[in-house]
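Accompanying notes for the structure given below.
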There are 2 protein chains.
Amino acid sequence: MRKIADQWLRDLLGLLYQRRSATRGEITQSTGLNPASVSHSLRYLTQNGTILKVGELESNGGRRREVIKLNEDAAYFVAVDLEGTRIRFAFTNFVGEIRYRWEEDIELGVPLDVRRVVHGIQTVLGNLTPSQRSRVVAIGVSCAGIISKSSQVTAVNLGWQKFPLLAELGKRIDIPIFLEHAHRTCIQAERWLGCAQNSNNCVYIMAGNGIGASIYADGRPLGGRDQMAGELGHIVIDPNASDRCNCGKLGCLEAIASSPNIWRQYAEKMGRPVRHMLGSKVIEVFERARRKDPVALAVLERAAEALGSALACLINLTNPDLIILGGDLVKGEDVLLDRIVEHLKRRTLPDFLEGLQIRVSSLGPDIGIMGAASLAVRSALLDSKLLRKVCSPVLNSLHGAGRPQTSHRKGSPRAKMARV
Amino acid sequence: MRKIADQWLRDLLGLLYQRRSATRGEITQSTGLNPASVSHSLRYLTQNGTILKVGELESNGGRRREVIKLNEDAAYFVAVDLEGTRIRFAFTNFVGEIRYRWEEDIELGVPLDVRRVVHGIQTVLGNLTPSQRSRVVAIGVSCAGIISKSSQVTAVNLGWQKFPLLAELGKRIDIPIFLEHAHRTCIQAERWLGCAQNSNNCVYIMAGNGIGASIYADGRPLGGRDQMAGELGHIVIDPNASDRCNCGKLGCLEAIASSPNIWRQYAEKMGRPVRHMLGSKVIEVFERARRKDPVALAVLERAAEALGSALACLINLTNPDLIILGGDLVKGEDVLLDRIVEHLKRRTLPDFLEGLQIRVSSLGPDIGIMGAASLAVRSALLDSKLLRKVCSPVLNSLHGAGRPQTSHRKGSPRAKMARV
C-alpha cells in the first residue's frame with residue numbers, strides 16, 4: 001500500500017471533525033489534497049474503522065455519492081475546564097459529544113489542590129471499560145489566568161502563582177495532556193463547533209465575573225508576548241469614575257460591566273448593603289429591567305455603553321468580521337444586546353461595521369469543556385504518535401458495545417456527575 | 001551539483017539582508033538548515049557573485065571563520081512611498097541603501113494622476129546603465145489608505161476611491177510591482193532595518209496628519225478582515241468632547257492628538273483664526289512648550305493623555321513587547337514622550353508593562369521608502385522566478401564599475417532629486 005502522509009490524515013480527520021460529515025468531493029475540495037491521496041486515506045481509515053460511510057446521497061444522474069463521518073468511538077478524550085469558580089471534567093467521544101461529566105465548585109482565591117484535578121480526571125476515567133480506556137488518546141485542559149511558555153499557571157481565582165500545572169498532572173496521569181488558556185479554547189470551540197466555523201477574524205467575548213476577549217485574527221489565535229492579548233476587561237473606560245476594579249484601577253470595563261459589578265451598582269443605587277460580590281445576582285437586574293425598573297435600566301445602560309466603547313476599540317484595532325458574546329451576558333441578551341450595538345456603532349467607522357456580525361454564543365456554559373475537548377482532538381491530530389493511535393484499527397467488539405455504565409454521585413457533597 | 005531548494009536561498013538571503021553579515025555557523029544556527037544545505041547554497045551564491053566573503057574572524061584555536069554578506073550590486077529595487085502629503089521614489093541596492101531619490105509634493109485631496117507615479121519611477125530608472133537596469137528585480141510601493149484584496153486603493157489624501165493602482169502601474173511598467181499598506185511597510189522596515197529586529201510583538205505608531213498603528217503580533221503583521229487593523233486614530237477617547245474628527249465623529253484620538261489638531265487647539269486657545277489645518281505647524285507648539293508656554297503645555301498634556309489612553313487599549317488587546325513612536329511626534333519627543341508614558345502606565349496592568357519597551361523610531365522620514373524597499377526584497381525572495389533573477393550570475397564588468405552618474409534636477413519646480 002502506498003505510504004499515507006500524516007498530513008493527509010490530519011486534514012481529512014480535522015475536516016470531518018469540524019463538518020460532522022462530508023462527501024468525497026467535498027473532502028477533496030476543502031482539503032486541497034489530490035484525489036488519489038484522498039482515496040488512499042479514505043480506504044485506510046475505513047478499513048481501520050476510524051471513519052464510517054453513513055449513507056449515500058443521490059446525485060443528479062451521475063454516480064451516487066457516499067457520505068462519510070467519523071466513527072465516534074474511534075477515539076476518546078478527557079476535557080478539563082478550570083474556569084475559576086468551578087472545575088469541570090468531561091469524557092468526550094471523537095465527535096466532541098460529552099458522554100460523562102463531573103463538576104465541583106471551588107472556593108475563590110483558595111489555592112486549588114492539584115489532586116482535586118487529578119481526582120476529577122480519574123473519576124471520569126474510572127467509569128470506562130478496558131477497551132474504551134485503551135482508546136483514550138489525550139486530555140485537554142482549558143485554564144483561566146496567565147500561562148507561561150513553560151506551562152506555569154498564574155490565576156488569582158485558582159490561587160495559583162506560577163504553578164507548574166502540566167508537570168504536576170504529568171506526574172500522576174499517564175495520558176498526554178495539553179493545556180491552553182481559556183480565552184483561546186473558547187474561540188477555538190466556536191471555530192470548531194459553534195458559529196465561527198467560516199470566520200478567520202472573529203472574537204469571543206466572555207463577560208461574566210471577569211471580561212475577556214479571545215481574538216482570532218488572520219486565521220489564527222492572537223497571543224502577544226505573553227499570550228495575554230485580549231485583556232478587554234481592564235481597558236479604562238472612564239478614568240474619572242469611582243468604580244474600583246479588582247486590579248486596583250478606577251473605571252475599568254470590568255468594574256462597570258462584569259456581572260458582580262452590575263449587581264453592585266444596582267444594589268448601591270437601591271441603598272442595599274453590598275457584602276459579597278455575587279455575579280449570579282446579575283440575573284435579578286436583567287429581570288427587573290424587563291419589568292422596566294428605571295434603576296436597573298440605568299445600570300444596564302451604563303454597562304452597555306462601557307461594553308460598546310470597549311468593543312469599538314477592539315474593532316478598530318483588529319478589524320474582525322464576527323463578534324460572539326458569551327458568558328452571563330447571554331442571559332441578558334434581550335435587555336443588553338441592542339444597547340451595546342448602538343453604543344458600539346456610534347464609535348466605529350462605517351468601513352469596519354460593513355459586514356461585521358455581532359451575535360450571542362450558542363454553546364452555552366459548556367463552551368470551556370467543548371473547547372478543551374477540541375484542544376485535545378486538535379493536539380492529537382498534530383502529534384504523529386497520537387494521530388496513529390487515533391487511526392489504529394478499532395476492534396469490532398467495540399462497535400456499539402461496551403457503552404459506559406451509568407455513573408454514581410460521589411465525592412464532595414457539592415460534586416455532581418451525570419451521564420449525558 | 002545537488003539541487004538547491006528555493007527555500008534555502010530564501011532563508012539565507014533573508015538572513016543576510018536583515019543581519020548585514022553573518023558567519024557560516026550563524027547562518028546554520030539562525031536558519032535551522034542543515035550544514036550541507038548551507039554549504040551547497042553558499043557555494044552556489046558565491047560562484048554567482050550574489051554574496052561575498054568579506055573577511056575572516058579569528059576563532060579561538062579552531063578554523064578561521066569567513067564573514068559573509070550580500071553583494072550590494074547583485075540586485076536593485078525601486079521603492080515608492082505614497083504617504084499622502086508627498087510622493088517619494090528611490091533606487092535602492094540589495095542591502096537597502098538608497099542610491100537615488102526623487103520627491104514631489106502633492107495637493108491634499110486632489111486626485112493624484114497615476115502618470116506622476118509612473119514618471120517618478122521612470123525618472124529613477126532613467127539614470128541607470130543598461131547592466132544596472134537589467135538587474136532591477138522589483139518595485140515596492142507603500143501606500144496610505146485602504147487597499148482591497150484586488151489591490152484597489154481608497155485614500156482620501158490621494159483623492160483615490162477604489163483606484164486600481166497595481167493594474168494601472170502594470171500597464172505602463174514592465175517590472176514586477178508589489179503593493180502594501182503604509183502601516184505594514186513601516187513596521188516591516190523597523191523589523192528588517194530598524195529597532196524591532198528581535199521583536200515578534202511590536203507596534204509602530206505613525207502620528208502625523210493622521211494616527212495609525214502598524215501591529216506585528218506573534219511574528220507576523222496583523223491585518224484583520226480587510227487589512228484595516230490598527231486604526232488607532234479613530235478610537236473615541238472622549239465622547240463628550242467638541243473636537244470634530246475628519247471621520248465625522250467627536251473625540252477621536254486623531255481629533256485631539258494629530259499634528260494639525262494639536263496646532264488647531266493651540267490656535268483656538270490663543271484666539272487665532274484657523275483657516276487651514278497645517279500639520280507642519282505642530283513644531284511651533286512643541287517649541288512654545290519648551291519655553292513653558294502654559295497654553296502649549298496644556299494642549300500637549302491633553303494630546304499626551306489621549307495618546308496614552310489609546311496606547312493602553314492597544315497594549316491590553318495585543319500584548320506587545322515594543323512600541324515604536326514615529327511621525328511628527330518624534331520631533332516633540334522631549335515634550336511629549338514622558339507624559340504619554342505616564343498616562344499609559346496609569347491605565348495598564350503591571351503584567352503588560354513588565355518588559356515592555358517604548359521608544360521613538362530611528363528611521364526618520366525615510367521609513368516609508370525603506371519599508372517599500374524591504375517589501376520589494378521580501379517579495380522577490382518569495383517569488384521563485386524573481387529569486388532566480390536575484391541569484392543569477394553577476395557579470396564581472398559590473399563589480400565596482402558602472403556606478404550611476406550624478407543625476408540632474410528636473411521635472412516640476414517642486415521636485416527634487418539627489419544622489420545619496
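Each chain in the C-alpha cells gets a letter, A, B, ..., in the order shown, and its residues are numbered from 1; ligands are numbered from 1 in order too.
All C-alpha atoms of chain B, paired in order with those of chain A and fitted by least squares, deviate by an RMSD of 0.2 Å.
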Excluding Arg20 in chain A and its own-chain neighbours fewer than 6 positions away, which residues fall within 8 Å of it when counting only C-alpha atoms? Please give them as a ChimeraX atom specification. /A:69-70,95
Selection: 9 Å around Ser199 in chain B, only C-alpha atoms, excl. self and same-chain fewer than 2 positions, as a list of chain:residue names: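 Returned residues: B:Arg191, B:Cys195, B:Ala196, B:Gln197, B:Asn201, B:Cys202, B:Tyr216, B:Gly219, B:Pro320, B:Asp321, B:Leu322.
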Using only C-alpha atoms, select each residue of chain A with any atom at most 7 Å away from an atom of chain B, and give the selection as a VMD selection string. chain A and resid 201 217 to 218 223 to 226 228 to 232 235 to 236 313 316 to 321 347
For the alpha helix (DSSP H) assignment from backbone DSSP, which residues of range 211-389 of chain A qualify? Please present them as a PDB file with C-alpha atoms, in the first residue's frame.
ATOM      1  CA  LEU A 253     -14.627  47.926  31.820  1.00  0.00           C
ATOM      2  CA  GLU A 254     -14.809  45.073  34.334  1.00  0.00           C
ATOM      3  CA  ALA A 255     -15.541  47.477  37.203  1.00  0.00           C
ATOM      4  CA  ILE A 256     -18.589  48.738  35.305  1.00  0.00           C
ATOM      5  CA  ALA A 257     -19.890  45.827  33.243  1.00  0.00           C
ATOM      6  CA  SER A 259     -21.770  40.517  36.402  1.00  0.00           C
ATOM      7  CA  PRO A 260     -20.894  41.188  40.046  1.00  0.00           C
ATOM      8  CA  ASN A 261     -20.357  44.887  39.311  1.00  0.00           C
ATOM      9  CA  ILE A 262     -23.678  45.260  37.520  1.00  0.00           C
ATOM     10  CA  TRP A 263     -25.307  43.800  40.621  1.00  0.00           C
ATOM     11  CA  ARG A 264     -23.182  46.002  42.924  1.00  0.00           C
ATOM     12  CA  GLN A 265     -24.225  49.199  41.141  1.00  0.00           C
ATOM     13  CA  TYR A 266     -27.868  48.201  41.279  1.00  0.00           C
ATOM     14  CA  ALA A 267     -27.700  47.343  44.983  1.00  0.00           C
ATOM     15  CA  GLU A 268     -25.828  50.565  45.790  1.00  0.00           C
ATOM     16  CA  LYS A 269     -28.395  52.681  43.983  1.00  0.00           C
ATOM     17  CA  VAL A 282     -26.958  39.797  37.687  1.00  0.00           C
ATOM     18  CA  ILE A 283     -29.975  37.745  36.578  1.00  0.00           C
ATOM     19  CA  GLU A 284     -32.058  39.710  39.037  1.00  0.00           C
ATOM     20  CA  VAL A 285     -31.011  43.013  37.433  1.00  0.00           C
ATOM     21  CA  PHE A 286     -31.899  41.665  33.984  1.00  0.00           C
ATOM     22  CA  GLU A 287     -35.281  40.552  35.345  1.00  0.00           C
ATOM     23  CA  ARG A 288     -36.018  43.967  36.846  1.00  0.00           C
ATOM     24  CA  ALA A 289     -35.006  45.712  33.630  1.00  0.00           C
ATOM     25  CA  ARG A 290     -37.554  43.573  31.782  1.00  0.00           C
ATOM     26  CA  PRO A 294     -35.639  52.548  35.952  1.00  0.00           C
ATOM     27  CA  VAL A 295     -32.700  51.846  38.268  1.00  0.00           C
ATOM     28  CA  ALA A 296     -31.986  48.509  36.596  1.00  0.00           C
ATOM     29  CA  LEU A 297     -32.333  50.105  33.169  1.00  0.00           C
ATOM     30  CA  ALA A 298     -29.889  52.891  34.081  1.00  0.00           C
ATOM     31  CA  VAL A 299     -27.301  50.434  35.407  1.00  0.00           C
ATOM     32  CA  LEU A 300     -27.568  48.287  32.284  1.00  0.00           C
ATOM     33  CA  GLU A 301     -27.372  51.367  30.051  1.00  0.00           C
ATOM     34  CA  ARG A 302     -24.080  52.294  31.680  1.00  0.00           C
ATOM     35  CA  ALA A 303     -22.776  48.724  31.296  1.00  0.00           C
ATOM     36  CA  ALA A 304     -23.886  48.641  27.646  1.00  0.00           C
ATOM     37  CA  GLU A 305     -22.147  51.941  26.907  1.00  0.00           C
ATOM     38  CA  ALA A 306     -18.938  50.677  28.514  1.00  0.00           C
ATOM     39  CA  LEU A 307     -19.104  47.393  26.596  1.00  0.00           C
ATOM     40  CA  GLY A 308     -19.896  49.208  23.328  1.00  0.00           C
ATOM     41  CA  SER A 309     -16.978  51.541  23.887  1.00  0.00           C
ATOM     42  CA  ALA A 310     -14.515  48.718  24.598  1.00  0.00           C
ATOM     43  CA  LEU A 311     -15.762  46.680  21.649  1.00  0.00           C
ATOM     44  CA  ALA A 312     -15.313  49.708  19.376  1.00  0.00           C
ATOM     45  CA  CYS A 313     -11.617  49.834  20.407  1.00  0.00           C
ATOM     46  CA  LEU A 314     -11.333  46.130  19.689  1.00  0.00           C
ATOM     47  CA  ILE A 315     -12.943  46.532  16.264  1.00  0.00           C
ATOM     48  CA  ASN A 316     -10.706  49.482  15.343  1.00  0.00           C
ATOM     49  CA  LEU A 317      -7.596  47.595  16.323  1.00  0.00           C
ATOM     50  CA  THR A 318      -8.323  44.088  14.998  1.00  0.00           C
ATOM     51  CA  GLU A 333     -29.341  39.384  25.633  1.00  0.00           C
ATOM     52  CA  ASP A 334     -32.862  40.831  25.301  1.00  0.00           C
ATOM     53  CA  VAL A 335     -32.153  43.827  27.545  1.00  0.00           C
ATOM     54  CA  LEU A 336     -28.488  44.428  26.684  1.00  0.00           C
ATOM     55  CA  LEU A 337     -27.529  43.474  23.134  1.00  0.00           C
ATOM     56  CA  ASP A 338     -29.292  46.257  21.198  1.00  0.00           C
ATOM     57  CA  ARG A 339     -27.926  48.885  23.569  1.00  0.00           C
ATOM     58  CA  ILE A 340     -24.364  47.551  23.263  1.00  0.00           C
ATOM     59  CA  VAL A 341     -24.583  47.538  19.477  1.00  0.00           C
ATOM     60  CA  GLU A 342     -25.947  51.081  19.405  1.00  0.00           C
ATOM     61  CA  HIS A 343     -23.062  52.444  21.501  1.00  0.00           C
ATOM     62  CA  LEU A 344     -20.543  50.431  19.516  1.00  0.00           C
ATOM     63  CA  LYS A 345     -21.812  51.784  16.206  1.00  0.00           C
ATOM     64  CA  ARG A 346     -21.605  55.345  17.416  1.00  0.00           C
ATOM     65  CA  PRO A 350     -18.687  52.566   8.792  1.00  0.00           C
ATOM     66  CA  ASP A 351     -15.962  50.637   6.917  1.00  0.00           C
ATOM     67  CA  PHE A 352     -15.446  48.446   9.990  1.00  0.00           C
ATOM     68  CA  LEU A 353     -19.171  47.875  10.537  1.00  0.00           C
ATOM     69  CA  ILE A 367     -18.056  26.217  25.930  1.00  0.00           C
ATOM     70  CA  GLY A 368     -14.981  25.733  28.140  1.00  0.00           C
ATOM     71  CA  ILE A 369     -15.392  21.950  28.166  1.00  0.00           C
ATOM     72  CA  MET A 370     -16.090  21.843  24.453  1.00  0.00           C
ATOM     73  CA  GLY A 371     -13.031  23.979  23.808  1.00  0.00           C
ATOM     74  CA  ALA A 372     -10.886  21.708  25.977  1.00  0.00           C
ATOM     75  CA  ALA A 373     -12.187  18.671  24.059  1.00  0.00           C
ATOM     76  CA  SER A 374     -11.379  20.404  20.765  1.00  0.00           C
ATOM     77  CA  LEU A 375      -7.924  21.215  22.090  1.00  0.00           C
ATOM     78  CA  ALA A 376      -7.345  17.526  22.847  1.00  0.00           C
ATOM     79  CA  VAL A 377      -8.522  16.486  19.365  1.00  0.00           C
ATOM     80  CA  ARG A 378      -6.516  19.196  17.571  1.00  0.00           C
ATOM     81  CA  SER A 379      -3.381  18.400  19.552  1.00  0.00           C
ATOM     82  CA  ALA A 380      -3.769  14.664  18.936  1.00  0.00           C
ATOM     83  CA  LEU A 381      -4.086  15.188  15.191  1.00  0.00           C
ATOM     84  CA  LEU A 382      -0.930  17.340  15.186  1.00  0.00           C
ATOM     85  CA  SER A 384       2.237  11.916  14.782  1.00  0.00           C
ATOM     86  CA  LYS A 385       2.235   9.257  17.501  1.00  0.00           C
ATOM     87  CA  LEU A 386      -1.224  10.210  18.780  1.00  0.00           C
ATOM     88  CA  LEU A 387      -2.517  10.522  15.224  1.00  0.00           C
ATOM     89  CA  ARG A 388      -1.521   6.908  14.604  1.00  0.00           C
ATOM     90  CA  LYS A 389      -3.319   5.898  17.791  1.00  0.00           C
TER      91      LYS A 389
END
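As for CA of Ile68 in chain A and CA of Ala138 in chain A, they are spaced 23.9 Å apart.
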